[in-house]
>>> print(open('protein23.cif').read())   # mmCIF, C-alpha atoms
data_my_file
loop_
_atom_site.label_atom_id
_atom_site.label_comp_id
_atom_site.auth_asym_id
_atom_site.auth_seq_id
_atom_site.Cartn_x
_atom_site.Cartn_y
_atom_site.Cartn_z
CA MET A 1 21.25 10.23 -9.36
CA VAL A 2 24.58 8.69 -10.41
CA ARG A 3 27.47 10.91 -9.38
CA SER A 4 30.05 11.80 -12.04
CA ARG A 5 33.65 10.62 -11.70
CA VAL A 6 36.69 12.30 -13.20
CA PHE A 7 40.44 11.69 -13.05
CA ILE A 8 43.56 13.85 -12.99
CA ASP A 9 47.07 12.55 -13.71
CA PHE A 10 49.81 14.55 -11.94
CA SER A 11 53.53 14.75 -12.65
CA GLU A 12 56.40 16.38 -10.76
CA GLY A 13 59.30 17.74 -12.77
CA GLY A 14 58.28 15.62 -15.75
CA GLU A 15 58.05 12.41 -13.70
CA PRO A 16 54.54 10.92 -13.31
CA LEU A 17 53.18 10.84 -9.75
CA GLY A 18 49.97 8.90 -10.43
CA ARG A 19 46.24 9.30 -10.91
CA VAL A 20 43.66 10.84 -8.58
CA ILE A 21 39.99 9.89 -9.07
CA PHE A 22 37.28 12.26 -7.84
CA GLU A 23 33.58 11.76 -7.19
CA LEU A 24 31.54 14.91 -7.88
CA TYR A 25 28.48 15.93 -5.86
CA ASN A 26 26.36 16.84 -8.90
CA ASP A 27 23.25 16.20 -6.78
CA SER A 28 23.96 19.01 -4.27
CA ALA A 29 26.33 21.30 -6.25
CA PRO A 30 25.39 20.78 -9.92
CA LYS A 31 26.96 23.94 -11.38
CA ALA A 32 30.33 23.51 -9.64
CA SER A 33 30.40 19.78 -10.50
CA GLU A 34 29.58 20.36 -14.17
CA ASN A 35 32.17 23.14 -14.35
CA PHE A 36 34.90 20.87 -12.96
CA ARG A 37 33.86 17.91 -15.14
CA ALA A 38 33.88 19.97 -18.37
CA LEU A 39 37.24 21.55 -17.51
CA CYS A 40 38.65 18.03 -17.04
CA THR A 41 37.43 16.93 -20.49
CA GLY A 42 38.13 20.22 -22.30
CA GLU A 43 34.88 19.87 -24.23
CA LYS A 44 33.81 23.53 -23.95
CA GLY A 45 36.39 24.93 -26.38
CA ARG A 46 38.25 28.17 -25.60
CA THR A 47 37.83 31.30 -23.53
CA SER A 48 37.22 34.79 -24.91
CA SER A 49 41.00 35.34 -24.74
CA ASP A 50 41.54 32.18 -26.87
CA VAL A 51 42.81 30.01 -23.99
CA PRO A 52 41.54 26.39 -23.86
CA LEU A 53 38.94 25.73 -21.16
CA TYR A 54 41.01 22.77 -20.02
CA TYR A 55 42.92 21.82 -16.87
CA LYS A 56 45.53 19.91 -18.87
CA ASP A 57 49.09 21.36 -18.56
CA SER A 58 48.04 23.67 -15.68
CA ILE A 59 49.92 23.54 -12.37
CA ILE A 60 49.40 23.27 -8.63
CA HIS A 61 50.33 26.85 -7.76
CA ARG A 62 49.81 26.68 -3.98
CA SER A 63 50.61 23.97 -1.44
CA ILE A 64 50.36 24.36 2.33
CA LYS A 65 51.33 21.27 4.30
CA ASP A 66 48.67 19.90 6.66
CA PHE A 67 46.12 22.31 5.14
CA MET A 68 45.47 22.04 1.38
CA ILE A 69 46.82 22.03 -2.18
CA GLN A 70 45.35 24.41 -4.78
CA GLY A 71 45.26 24.47 -8.60
CA GLY A 72 43.01 25.17 -11.57
CA ASP A 73 44.46 28.53 -12.75
CA PHE A 74 44.94 27.54 -16.40
CA THR A 75 45.19 31.15 -17.69
CA LYS A 76 47.93 32.70 -15.50
CA GLY A 77 49.17 29.85 -13.30
CA ASN A 78 49.73 32.04 -10.23
CA GLY A 79 46.33 32.01 -8.50
CA THR A 80 45.04 35.26 -10.01
CA GLY A 81 43.44 33.81 -13.16
CA GLY A 82 41.12 31.06 -14.31
CA GLU A 83 37.66 31.11 -15.83
CA SER A 84 34.52 28.99 -15.54
CA ILE A 85 32.66 27.37 -18.42
CA TYR A 86 29.83 29.84 -17.79
CA GLY A 87 31.84 32.78 -19.13
CA GLY A 88 32.94 34.27 -15.82
CA MET A 89 32.31 33.72 -12.13
CA PHE A 90 29.25 31.91 -10.80
CA ALA A 91 27.33 31.91 -7.53
CA ASP A 92 27.92 29.69 -4.48
CA GLU A 93 25.97 26.46 -3.97
CA ASP A 94 25.41 24.26 -0.93
CA LEU A 95 27.44 26.13 1.68
CA ILE A 96 25.81 23.89 4.30
CA ARG A 97 28.14 20.93 3.67
CA PRO A 98 31.04 21.27 6.15
CA LEU A 99 34.76 20.89 5.46
CA ASP A 100 35.02 18.22 8.14
CA SER A 101 37.61 15.82 6.75
CA GLU A 102 40.61 15.42 4.49
CA ALA A 103 40.38 14.63 0.75
CA LEU A 104 37.48 17.03 0.07
CA LEU A 105 37.31 18.83 -3.28
CA CYS A 106 36.30 22.50 -2.84
CA MET A 107 35.97 25.66 -4.92
CA ALA A 108 38.57 28.37 -4.27
CA ASN A 109 37.22 31.93 -4.35
CA ARG A 110 37.90 35.58 -3.51
CA GLY A 111 34.68 36.05 -1.57
CA PRO A 112 30.98 35.23 -1.92
CA ASP A 113 29.81 34.20 -5.41
CA THR A 114 33.28 34.43 -7.02
CA ASN A 115 33.73 30.84 -8.18
CA GLY A 116 35.77 30.32 -11.33
CA SER A 117 38.00 27.37 -12.15
CA GLN A 118 40.37 27.21 -9.17
CA PHE A 119 39.92 24.37 -6.69
CA PHE A 120 41.65 22.98 -3.63
CA ILE A 121 41.90 19.58 -1.92
CA THR A 122 41.85 19.52 1.88
CA LEU A 123 44.60 17.76 3.82
CA ARG A 124 42.73 17.94 7.15
CA PRO A 125 39.37 19.17 8.51
CA CYS A 126 38.97 22.94 7.97
CA PRO A 127 36.05 24.07 10.16
CA HIS A 128 37.11 27.74 9.86
CA LEU A 129 36.15 27.58 6.15
CA ASN A 130 32.62 26.26 6.75
CA GLY A 131 30.02 28.37 4.97
CA LYS A 132 32.68 30.12 2.86
CA HIS A 133 33.61 27.51 0.23
CA VAL A 134 31.49 25.09 -1.81
CA VAL A 135 32.33 21.42 -1.24
CA PHE A 136 31.49 19.72 -4.54
CA GLY A 137 33.39 16.42 -4.46
CA ARG A 138 35.84 14.11 -2.76
CA VAL A 139 38.89 12.01 -3.59
CA LEU A 140 37.97 8.38 -4.22
CA ARG A 141 41.45 7.03 -5.02
CA GLY A 142 44.96 8.41 -5.00
CA TYR A 143 44.91 10.50 -1.82
CA ASP A 144 47.71 8.69 0.04
CA GLU A 145 49.61 7.74 -3.13
CA VAL A 146 49.48 11.07 -5.02
CA VAL A 147 47.95 13.97 -3.04
CA GLN A 148 50.17 13.41 -0.02
CA LYS A 149 53.23 13.26 -2.31
CA ILE A 150 52.29 16.63 -3.78
CA ALA A 151 51.93 18.04 -0.25
CA GLU A 152 55.50 16.88 0.51
CA VAL A 153 57.03 18.82 -2.41
CA PRO A 154 59.20 21.69 -1.08
CA VAL A 155 57.75 25.20 -1.55
CA ASP A 156 59.07 28.76 -1.57
CA GLY A 157 58.07 31.65 0.68
CA LYS A 158 54.78 32.09 -1.22
CA ASP A 159 53.79 28.42 -0.86
CA ARG A 160 54.57 27.68 -4.55
CA PRO A 161 56.14 24.25 -5.23
CA LEU A 162 59.81 24.60 -6.18
CA THR A 163 59.42 21.70 -8.62
CA PRO A 164 56.49 22.18 -11.03
CA VAL A 165 53.56 19.88 -10.23
CA VAL A 166 51.64 19.64 -13.52
CA ILE A 167 48.29 18.15 -14.58
CA HIS A 168 49.54 16.26 -17.65
CA ASN A 169 46.23 14.49 -18.34
CA CYS A 170 42.62 14.59 -17.14
CA GLY A 171 39.17 13.44 -18.21
CA GLU A 172 35.92 11.76 -17.22
CA LEU A 173 35.30 8.14 -16.23
CA GLU A 174 32.13 6.52 -17.51
CA LEU A 175 30.34 3.44 -16.21
CA LYS A 176 30.35 0.52 -18.61
CA LYS A 177 27.26 0.47 -20.80
CA PRO A 178 25.43 -2.77 -21.68
CA PRO A 179 26.38 -4.18 -25.09
CA VAL A 180 24.17 -3.27 -28.02
CA PRO A 181 22.36 -6.39 -29.34
CA LEU A 182 23.29 -7.39 -32.86
CA GLU A 183 20.65 -6.96 -35.50
CA SER A 184 19.08 -10.18 -36.76
CA GLU A 185 20.10 -11.38 -40.21
CA PRO A 186 17.73 -10.67 -43.11
CA GLU A 187 15.49 -13.55 -44.09
CA SER A 188 16.94 -13.55 -47.62
CA LEU A 189 20.38 -14.49 -46.23
CA LYS A 190 18.86 -17.20 -44.06
CA GLU A 191 17.17 -18.72 -47.12
CA GLU A 192 20.35 -18.63 -49.20
CA LYS A 193 22.41 -20.62 -46.68
CA PRO A 194 20.52 -23.92 -46.92
CA ARG A 195 20.47 -23.67 -50.72
CA LYS A 196 24.25 -23.46 -50.83
CA SER A 197 24.56 -26.42 -48.51
CA ARG A 198 22.23 -28.48 -50.71
CA ARG A 199 24.36 -27.65 -53.75
CA ARG A 200 27.46 -28.82 -51.95
CA SER A 201 25.80 -32.09 -50.93
CA ARG A 202 24.68 -32.78 -54.50
CA TYR A 203 28.18 -32.14 -55.76
CA SER A 204 29.69 -34.43 -53.15
CA ARG A 205 27.21 -37.21 -54.03
CA SER A 206 28.04 -36.91 -57.72
CA THR A 207 31.76 -37.07 -57.08
CA SER A 208 31.36 -40.06 -54.77
CA ARG A 209 29.62 -41.99 -57.50
CA SER A 210 32.48 -41.38 -59.96
CA SER A 211 35.05 -43.71 -58.43
CA ASP A 212 36.03 -45.29 -55.15
CA GLY A 213 39.55 -43.84 -55.25
CA GLU A 214 38.34 -40.30 -55.74
CA SER A 215 35.80 -40.70 -52.92
CA ASP A 216 38.54 -41.85 -50.51
CA SER A 217 40.72 -38.85 -51.35
CA SER A 218 37.78 -36.45 -51.04
CA ASN A 219 36.89 -37.96 -47.66
CA ASN A 220 40.44 -37.46 -46.48
CA ARG A 221 40.42 -33.86 -47.66
CA HIS A 222 37.09 -33.35 -45.92
CA ARG A 223 38.50 -34.73 -42.66
CA ARG A 224 41.54 -32.43 -42.87
CA LYS A 225 39.36 -29.38 -43.52
CA LYS A 226 37.09 -30.37 -40.67
CA SER A 227 40.02 -30.72 -38.24
CA LYS A 228 41.44 -27.36 -39.36
CA ARG A 229 38.03 -25.74 -38.91
CA LYS A 230 37.70 -27.26 -35.44
CA HIS A 231 41.19 -26.05 -34.52
CA ARG A 232 40.29 -22.53 -35.67
CA ASN A 233 37.06 -22.57 -33.64
CA ASP A 234 38.94 -23.75 -30.54
CA GLY A 235 41.41 -20.89 -30.99
CA ASN A 236 38.59 -18.39 -31.38
CA GLU A 237 36.90 -19.69 -28.24
CA ASP A 238 40.18 -19.37 -26.31
CA SER A 239 40.65 -15.79 -27.52
CA ILE A 240 37.05 -14.95 -26.60
CA GLU A 241 37.52 -16.40 -23.13
CA LYS A 242 40.74 -14.39 -22.72
CA LYS A 243 38.96 -11.21 -23.74
CA GLU A 244 36.11 -11.92 -21.34
CA ALA A 245 38.56 -12.58 -18.54
CA LYS A 246 40.49 -9.38 -19.24
CA LEU A 247 41.48 -7.83 -15.95
CA ASN A 248 41.93 -4.19 -15.06
CA PHE A 249 44.99 -2.73 -13.30
CA ARG A 250 43.61 -3.88 -9.92
CA GLY A 251 43.21 -7.48 -11.08
CA GLU A 252 39.43 -7.22 -11.37
CA THR A 253 37.13 -8.35 -14.11
CA GLU A 254 34.57 -5.92 -15.49
CA GLU A 255 31.80 -7.57 -13.47
CA GLU A 256 33.85 -7.31 -10.27
CA TYR A 257 34.65 -3.65 -11.04
CA ASP A 258 30.95 -2.80 -11.53
CA ALA A 259 30.06 -4.64 -8.33
CA ARG A 260 32.74 -2.77 -6.40
CA LEU A 261 31.48 0.59 -7.70
CA GLU A 262 27.97 -0.28 -6.58
CA ARG A 263 29.25 -1.42 -3.18
CA GLU A 264 31.23 1.81 -2.70
CA GLU A 265 28.15 3.87 -3.60
CA ASN A 266 26.07 1.99 -0.99
CA GLU A 267 28.79 2.49 1.62
CA ARG A 268 28.90 6.21 0.82
CA LEU A 269 25.13 6.52 1.25
CA ALA A 270 25.29 4.66 4.57
CA ALA A 271 28.11 6.93 5.79
CA ASP A 272 26.16 10.06 4.82
CA ARG A 273 23.12 8.72 6.65
CA LYS A 274 25.22 8.03 9.75
CA ILE A 275 26.67 11.57 9.73
CA GLN A 276 23.17 13.02 9.35
CA LEU A 277 21.88 11.01 12.31
CA GLU A 278 24.83 12.10 14.45
CA ARG A 279 24.14 15.75 13.64
CA MET A 280 20.46 15.32 14.53
CA LYS A 281 21.44 13.71 17.84
CA GLU A 282 23.88 16.53 18.69
CA LYS A 283 21.23 19.11 17.85
CA TYR A 284 18.66 17.35 20.04
CA ASP A 285 21.10 17.01 22.96
CA ALA A 286 21.96 20.70 22.72
CA GLU A 287 18.29 21.71 22.74
CA SER A 288 17.39 19.43 25.64
CA GLN A 289 20.02 20.87 28.03
CA THR A 290 18.69 23.73 30.21
CA GLN A 291 19.61 25.48 33.46
CA ASP A 292 18.25 25.09 37.01
CA GLY A 293 17.76 21.36 36.57
CA VAL A 294 14.69 21.78 34.36
CA ARG A 295 14.45 19.59 31.25
CA PHE A 296 11.67 18.90 28.80
CA LYS A 297 11.36 15.21 28.09
CA GLY A 298 9.31 13.16 25.69
CA ARG A 299 7.20 13.97 22.69
CA GLY A 300 4.83 16.22 24.65
CA ARG A 301 7.64 18.27 26.23
CA MET A 302 6.64 17.18 29.78
CA LYS A 303 8.34 19.22 32.43
CA TYR A 304 10.81 17.33 34.60
CA ILE A 305 12.29 18.97 37.70
CA ASP A 306 15.33 17.44 39.33
CA PRO A 307 14.53 17.61 43.10
CA ASP A 308 18.21 17.46 44.07
CA VAL A 309 18.83 20.69 42.17
CA ARG A 310 15.48 22.38 42.82
CA PHE A 311 15.38 22.10 46.62
CA ARG A 312 19.06 22.13 47.45
#
>>> encode(input="protein23.cif", output="structure tokens")
Amino acid sequence: MVRSRVFIDFSEGGEPLGRVIFELYNDSAPKASENFRALCTGEKGRTSSDVPLYYKDSIIHRSIKDFMIQGGDFTKGNGTGGESIYGGMFADEDLIRPLDSEALLCMANRGPDTNGSQFFITLRPCPHLNGKHVVFGRVLRGYDEVVQKIAEVPVDGKDRPLTPVVIHNCGELELKKPPVPLESEPESLKEEKPRKSRRRSRYSRSTSRSSDGESDSSNNRHRRKKSKRKHRNDGNEDSIEKKEAKLNFRGETEEEYDARLEREENERLAADRKIQLERMKEKYDAESQTQDGVRFKGRGRMKYIDPDVRFR
């Protein structure tokens, strides 16, 4: 399953801070991911109180340095409001995934099964929140450049930024789709083209027979038209090549961008696999350790007694 990607553009006091791109875990937390994605696009309309279901123009209402930043309250803006696209609160999903690193995107709540629209981004590992908050995404780009800047904004006694940090734009990023093939021309048009060309050739032959002087002038005109046509074609080819070589803001072509996305996805899968193997190893090591020097080794759980411990 291809994971969705969304973006949020932040500003501080009217000055743009930059863009943060998130990857959503719609494979393990589909409801929370879809809720966040739709609130970034604003496609679900308005709430029952006629407020847009949209993160745009909402604020970061809580910021605790070296812990997290929190936003998503687009109804009240103080941490007591917000609403999901499902018409209220919705249940927790995937509480197994730990909050074991920075740059994780998590649902804020007031207890079990009270997820709405508020979210927070971790600034460090938060093991004390494991099993209490749904982790449904991570920051792909913009953590050091934008999120850390937001964390540095001075706050008041209630951890509210003194300068408003606003979401001034947000939406969804889509992978480039293959171009749609052009429909073939109707056969009637294909038949008309050679007829027109034959008419032109007959006319040119008739004019060439009229006089030598007229034929020379027509040949010259034909050469000029041909050179102009060639010049136009060369210009079109140059423009096409420029369009094909159009670079994004990172200096990448579209093919390089797609390749990089695929490479990042493979790296993410490899990292997840590595973390899973490490957890399995820790679990096995913990189970294999016993008291009195007795351990069970091997597939058949053969009993091994350490003589130094047993007969000391």
>>> resolve_selection(input="protein23.cif", expression="the PyMOL selection byres ((chain A and resi 126) around 9)", output="VMD selection string")
chain A and resid 67 98 to 102 122 to 125 127 to 130
>>> write_last_selection(input="protein23.cif", atoms="C-alpha atoms", output="tab-separated table (two decimals), in the coordinates of the input")
chain	number	residue	atom	x	y	z
A	67	PHE	CA	46.12	22.31	5.14
A	98	PRO	CA	31.04	21.27	6.15
A	99	LEU	CA	34.76	20.89	5.46
A	100	ASP	CA	35.02	18.22	8.14
A	101	SER	CA	37.61	15.82	6.75
A	102	GLU	CA	40.61	15.42	4.49
A	122	THR	CA	41.85	19.52	1.88
A	123	LEU	CA	44.60	17.76	3.82
A	124	ARG	CA	42.73	17.94	7.15
A	125	PRO	CA	39.37	19.17	8.51
A	127	PRO	CA	36.05	24.07	10.16
A	128	HIS	CA	37.11	27.74	9.86
A	129	LEU	CA	36.15	27.58	6.15
A	130	ASN	CA	32.62	26.26	6.75
>>> resolve_selection(input="protein23.cif", expression="the PyMOL selection byres ((chain A and resi 47-56) around 7)", output="list in words")
Leu39, Cys40, Thr41, Gly42, Lys44, Gly45, Arg46, Asp57, Ser58, Gly72, Phe74, Thr75, Ile167, His168, Asn169 and Cys170 of chain A
>>> resolve_selection(input="protein23.cif", expression="the PyMOL selection byres ((chain A and resi 60) around 7)", output="count of residues only")
7
>>> closest_residue(input="protein23.cif", among="A:Leu175, A:Asp94, A:Lys65, A:Lys274", to="Tyr257 of chain A", atoms="all atoms listed in the file")
A:Leu175
>>> atom_distance(input="protein23.cif", atom1="atom CA of Phe10 of chain A", atom2="atom CA of Gly131 of chain A")
29.5 Å
>>> atom_distance(input="protein23.cif", atom1="atom CA of Pro179 of chain A", atom2="atom CA of Val2 of chain A")
19.6 Å
>>> residues_around(input="protein23.cif", residues="Ile121 of chain A", least_positions_apart="3", cutoff="6 Å", atoms="only C-alpha atoms", output="ChimeraX atom specification")
/A:68-69,103-105
>>> residues_around(input="protein23.cif", residues="segment 109-113 of chain A", least_positions_apart="2", cutoff="7 Å", atoms="all atoms listed in the file", output="list in words")
Phe90, Ala91, Asp92, Met107 and Asn115 of chain A
>>> closest_residue(input="protein23.cif", among="A:Thr80, A:Lys31, A:Asn26, A:Val147", to="Ser11 of chain A", atoms="only C-alpha atoms")
A:Val147
>>> atom_distance(input="protein23.cif", atom1="atom CA of Thr163 of chain A", atom2="atom CA of Gly77 of chain A")
13.9 Å
>>> residues_near_point(input="protein23.cif", point="(59.0, 18.9, -3.2)", cutoff="12 Å", atoms="only C-alpha atoms", output="ChimeraX atom specification")
/A:11-13,17,60,63-65,148-156,159-165
>>> closest_residue(input="protein23.cif", among="A:Glu267, A:Asp9, A:Glu282, A:Glu15", to="Gly142 of chain A", atoms="all atoms listed in the file")
A:Asp9
>>> closest_residue(input="protein23.cif", among="A:Thr253, A:Ser33, A:Ser117, A:Ser4", to="Leu173 of chain A", atoms="all atoms listed in the file")
A:Ser4
>>> decode(input="protein23.cif", residues="segment 107-183 of chain A", atoms="C-alpha atoms", output="mmCIF file, in the first residue's frame")
data_model
loop_
_atom_site.group_PDB
_atom_site.id
_atom_site.type_symbol
_atom_site.label_atom_id
_atom_site.label_comp_id
_atom_site.auth_asym_id
_atom_site.auth_seq_id
_atom_site.Cartn_x
_atom_site.Cartn_y
_atom_site.Cartn_z
ATOM 1 C CA MET A 107 -3.121 12.103 17.841
ATOM 2 C CA ALA A 108 -3.761 14.294 20.896
ATOM 3 C CA ASN A 109 -6.616 13.137 23.128
ATOM 4 C CA ARG A 110 -8.315 13.499 26.518
ATOM 5 C CA GLY A 111 -8.264 9.787 27.273
ATOM 6 C CA PRO A 112 -9.041 6.495 25.525
ATOM 7 C CA ASP A 113 -11.044 6.748 22.278
ATOM 8 C CA THR A 114 -11.266 10.572 22.305
ATOM 9 C CA ASN A 115 -9.482 11.374 19.042
ATOM 10 C CA GLY A 116 -10.668 14.469 17.192
ATOM 11 C CA SER A 117 -8.571 16.791 15.058
ATOM 12 C CA GLN A 118 -5.754 17.826 17.412
ATOM 13 C CA PHE A 119 -2.288 16.409 16.765
ATOM 14 C CA PHE A 120 1.225 16.805 18.097
ATOM 15 C CA ILE A 121 4.762 16.328 16.739
ATOM 16 C CA THR A 122 7.349 14.812 19.068
ATOM 17 C CA LEU A 123 10.657 16.579 19.682
ATOM 18 C CA ARG A 124 12.234 13.572 21.441
ATOM 19 C CA PRO A 125 11.333 9.960 22.356
ATOM 20 C CA CYS A 126 8.308 9.859 24.693
ATOM 21 C CA PRO A 127 8.158 6.342 26.172
ATOM 22 C CA HIS A 128 5.782 7.487 28.954
ATOM 23 C CA LEU A 129 3.109 8.028 26.259
ATOM 24 C CA ASN A 130 3.363 4.523 24.776
ATOM 25 C CA GLY A 131 -0.024 2.846 24.570
ATOM 26 C CA LYS A 132 -1.855 6.136 25.194
ATOM 27 C CA HIS A 133 -1.596 7.975 21.850
ATOM 28 C CA VAL A 134 -1.954 6.767 18.254
ATOM 29 C CA VAL A 135 1.162 7.267 16.115
ATOM 30 C CA PHE A 136 -0.161 7.732 12.585
ATOM 31 C CA GLY A 137 2.679 9.405 10.685
ATOM 32 C CA ARG A 138 6.111 10.971 10.666
ATOM 33 C CA VAL A 139 7.869 14.075 9.358
ATOM 34 C CA LEU A 140 9.628 13.412 6.057
ATOM 35 C CA ARG A 141 11.018 16.912 5.434
ATOM 36 C CA GLY A 142 11.137 20.162 7.344
ATOM 37 C CA TYR A 143 11.858 18.925 10.868
ATOM 38 C CA ASP A 144 15.153 20.760 11.399
ATOM 39 C CA GLU A 145 14.216 23.722 9.192
ATOM 40 C CA VAL A 146 10.650 24.379 10.418
ATOM 41 C CA VAL A 147 9.570 22.251 13.417
ATOM 42 C CA GLN A 148 12.646 23.125 15.461
ATOM 43 C CA LYS A 149 12.101 26.830 14.675
ATOM 44 C CA ILE A 150 8.544 26.579 15.994
ATOM 45 C CA ALA A 151 9.872 24.908 19.158
ATOM 46 C CA GLU A 152 12.215 27.895 19.685
ATOM 47 C CA VAL A 153 9.381 30.461 19.653
ATOM 48 C CA PRO A 154 8.970 31.995 23.148
ATOM 49 C CA VAL A 155 5.861 30.891 25.074
ATOM 50 C CA ASP A 156 3.822 32.176 28.017
ATOM 51 C CA GLY A 157 3.091 30.428 31.302
ATOM 52 C CA LYS A 158 0.549 28.134 29.611
ATOM 53 C CA ASP A 159 2.982 27.027 26.887
ATOM 54 C CA ARG A 160 1.221 29.150 24.216
ATOM 55 C CA PRO A 161 3.544 30.812 21.663
ATOM 56 C CA LEU A 162 3.740 34.569 22.240
ATOM 57 C CA THR A 163 3.944 35.105 18.467
ATOM 58 C CA PRO A 164 1.132 33.337 16.570
ATOM 59 C CA VAL A 165 2.363 30.290 14.651
ATOM 60 C CA VAL A 166 -0.259 29.784 11.920
ATOM 61 C CA ILE A 167 -0.950 27.079 9.317
ATOM 62 C CA HIS A 168 -1.378 29.384 6.317
ATOM 63 C CA ASN A 169 -1.617 26.573 3.748
ATOM 64 C CA CYS A 170 -1.933 22.783 3.678
ATOM 65 C CA GLY A 171 -2.884 19.990 1.290
ATOM 66 C CA GLU A 172 -2.035 16.588 -0.135
ATOM 67 C CA LEU A 173 0.901 15.577 -2.334
ATOM 68 C CA GLU A 174 0.198 13.122 -5.125
ATOM 69 C CA LEU A 175 2.635 10.925 -7.027
ATOM 70 C CA LYS A 176 2.996 11.809 -10.678
ATOM 71 C CA LYS A 177 0.640 9.804 -12.869
ATOM 72 C CA PRO A 178 1.700 8.397 -16.262
ATOM 73 C CA PRO A 179 0.630 10.575 -19.206
ATOM 74 C CA VAL A 180 -2.611 9.675 -20.933
ATOM 75 C CA PRO A 181 -1.925 8.472 -24.518
ATOM 76 C CA LEU A 182 -3.354 10.668 -27.230
ATOM 77 C CA GLU A 183 -6.201 9.255 -29.241
#
